[in-house]
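Written below as structure tokens is the structure these notes are about.
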Amino acid sequence: MKQLILFFSAFIFSSISIAQSTATLDEKKGFMDLKIGNPISQYSDNVYNDDKDSSVYHIKDLSKYNIDNREIKEIQLYVSKDSKKTIEQIVFSFEDRLQEYMEKARDEGENLDKRIEYGKLAENIAEQGTDLSYYYNLFLKAFGTPKIESQIHIWKGKKIQLIYTKIKGDGYGAFMFSRIYTPEELKKSKQDEAKKAAEKF
């Protein structure tokens, strides 16, 4: 997951120019009640802090963000490193459950009723497509056609951008909502990092 975020970050700070009509993306500012710019304290009942990175939070109850029973594997919230701790990035990741369900359906050590249930779940995914493709099509309808650079799909508003990439196979991938930084903000961020680095020695 760490590599995925680094991969995304390279695109956040790049100067890709995308002519899109994505006013809805700026209006939404995220997904459901998860909004870029909101303080993390607003979600205190449904998040826990990452044990390795204090600026990363994980959603506890993912079910409230599932649409039409389409499952999200994980949602991570990346917050600002100042005292305000406002959300700067929202990352949704997905896994290929089709293979998992098929393996469980074929597992002779599993309870027969469970095997039948997993078989039906696998059949539904095979017929309706993966959870990842469902959310991709949802964003496609909401925000229009993205700009495609290699394997990266980017919807870019004036203030918010949404980046999508497949990780491997058809069912593995992630989406990231993030702020679009002005040149002045990027410059200040680099200056702040340089100052913090200098304070260490």
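In the structure tokens, each chain is lettered A, B, ... as it comes, each chain's residues begin at 1, and ligands are numbered from 1 in order of appearance.
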message: Taking only stretch 4-187 of chain A into account, list the residues labelled strand (DSSP E) by DSSP (computed from the backbone), as an MDAnalysis selection string.
response: chainID A and resid 30:31 34:35 47:49 56:59 74:79 87:94 147:149 152:156 160:168 172:179
message: Can you tell me, as a VMD selection string, which residues in stretch 22-149 of chain A count as alpha helix (DSSP H) by DSSP?
response: chain A and resid 23 to 28 97 to 106 112 to 128 131 to 143
Contact residues around stretch 141-158 of chain A with only C-alpha atoms at 6 Å, ignoring same-chain residues under 4 positions, as a ChimeraX atom specification: /A:22,26,162-165
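Counting only C-alpha atoms and comparing A:Tyr78, A:Phe31, A:Phe201, A:Tyr136, the residue that lies closest to A:Ser54 is A:Tyr78.
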message: When you count only C-alpha atoms, which of these residues is closest to A:Lys29: A:Leu140, A:Glu103, A:Met176, A:Ile67?
response: A:Met176
- prompt: Residues at most 12 Å from A:Ala126, counting only C-alpha atoms, excluding those fewer than 2 positions away in the same chain, as a list in words?
  reply: Asp96, Arg97, Leu98, Gln99, Tyr101, Met102, Gly119, Lys120, Leu121, Ala122, Glu123, Asn124, Gln128, Gly129, Thr130, Asp131, Ser133, Asp170 and Gly171 of chain A
- request: Write out as JSON, numbers by chain which residues come within 12 Å of A:Lys64 when counting only C-alpha atoms, dropping same-chain ones fewer than 5 positions away.
  value: {"A": [31, 32, 33, 34, 46, 59, 69, 70, 71, 72, 75]}
Store the residues of this selection in a file with N, CA, C and O atoms, as a PDB file, in the first residue's frame.
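As a result, result11.pdb now contains:
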ATOM      1  N   PHE A  31     -16.060  11.486  -1.101  1.00  0.00           N
ATOM      2  CA  PHE A  31     -17.028  10.409  -1.277  1.00  0.00           C
ATOM      3  C   PHE A  31     -17.960  10.368  -0.081  1.00  0.00           C
ATOM      4  O   PHE A  31     -17.518  10.233   1.063  1.00  0.00           O
ATOM      5  N   MET A  32     -19.266  10.500  -0.346  1.00  0.00           N
ATOM      6  CA  MET A  32     -20.264  10.536   0.732  1.00  0.00           C
ATOM      7  C   MET A  32     -19.853  11.587   1.765  1.00  0.00           C
ATOM      8  O   MET A  32     -19.627  12.735   1.418  1.00  0.00           O
ATOM      9  N   ASP A  33     -19.714  11.198   3.048  1.00  0.00           N
ATOM     10  CA  ASP A  33     -19.367  12.186   4.073  1.00  0.00           C
ATOM     11  C   ASP A  33     -17.855  12.366   4.238  1.00  0.00           C
ATOM     12  O   ASP A  33     -17.411  13.203   5.024  1.00  0.00           O
ATOM     13  N   LEU A  34     -17.052  11.620   3.494  1.00  0.00           N
ATOM     14  CA  LEU A  34     -15.593  11.766   3.549  1.00  0.00           C
ATOM     15  C   LEU A  34     -15.197  12.890   2.608  1.00  0.00           C
ATOM     16  O   LEU A  34     -15.251  12.743   1.390  1.00  0.00           O
ATOM     17  N   ASN A  46     -15.354   6.464  13.826  1.00  0.00           N
ATOM     18  CA  ASN A  46     -15.234   5.440  12.793  1.00  0.00           C
ATOM     19  C   ASN A  46     -13.838   5.355  12.168  1.00  0.00           C
ATOM     20  O   ASN A  46     -13.688   4.861  11.063  1.00  0.00           O
ATOM     21  N   ILE A  59     -10.565   3.633   8.073  1.00  0.00           N
ATOM     22  CA  ILE A  59     -11.991   3.561   8.382  1.00  0.00           C
ATOM     23  C   ILE A  59     -12.286   2.206   9.018  1.00  0.00           C
ATOM     24  O   ILE A  59     -11.875   1.173   8.516  1.00  0.00           O
ATOM     25  N   ASN A  69     -24.186  -3.133  -2.294  1.00  0.00           N
ATOM     26  CA  ASN A  69     -23.450  -4.271  -1.722  1.00  0.00           C
ATOM     27  C   ASN A  69     -22.094  -4.508  -2.388  1.00  0.00           C
ATOM     28  O   ASN A  69     -21.551  -5.612  -2.326  1.00  0.00           O
ATOM     29  N   ARG A  70     -21.538  -3.483  -3.014  1.00  0.00           N
ATOM     30  CA  ARG A  70     -20.214  -3.592  -3.631  1.00  0.00           C
ATOM     31  C   ARG A  70     -19.163  -3.250  -2.583  1.00  0.00           C
ATOM     32  O   ARG A  70     -19.158  -2.144  -2.030  1.00  0.00           O
ATOM     33  N   GLU A  71     -18.269  -4.200  -2.310  1.00  0.00           N
ATOM     34  CA  GLU A  71     -17.356  -4.079  -1.177  1.00  0.00           C
ATOM     35  C   GLU A  71     -16.062  -3.340  -1.497  1.00  0.00           C
ATOM     36  O   GLU A  71     -15.430  -3.573  -2.516  1.00  0.00           O
ATOM     37  N   ILE A  72     -15.700  -2.449  -0.577  1.00  0.00           N
ATOM     38  CA  ILE A  72     -14.414  -1.759  -0.616  1.00  0.00           C
ATOM     39  C   ILE A  72     -13.510  -2.464   0.385  1.00  0.00           C
ATOM     40  O   ILE A  72     -13.913  -2.713   1.524  1.00  0.00           O
ATOM     41  N   ILE A  75     -10.297   1.790   3.270  1.00  0.00           N
ATOM     42  CA  ILE A  75     -10.300   3.227   3.028  1.00  0.00           C
ATOM     43  C   ILE A  75      -9.296   3.855   3.983  1.00  0.00           C
ATOM     44  O   ILE A  75      -9.371   3.655   5.198  1.00  0.00           O
TER      45      ILE A  75
END
- prompt: What is the atom CA of A:Ile160-atom CA of A:Phe177 distance in Å, reported with one decimal?
  reply: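 Computed distance, atom CA of A:Ile160 to atom CA of A:Phe177, equals 7.0 Å.
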message: Please report the interatomic distance between atom CA of A:Gln76 and atom CA of A:Glu100 in Å with one decimal.
response: 22.8 Å
task: Rank nothing, just name the residue among A:Asn111, A:Gln161, A:Gln89, A:Ser80 nearest to A:Ile180, using only C-alpha atoms.
output: A:Gln161
query: So what do you get for atom CA of A:Leu112 versus atom CA of A:Leu132, distance-wise?
result: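 These atoms are spaced 28.5 Å apart.
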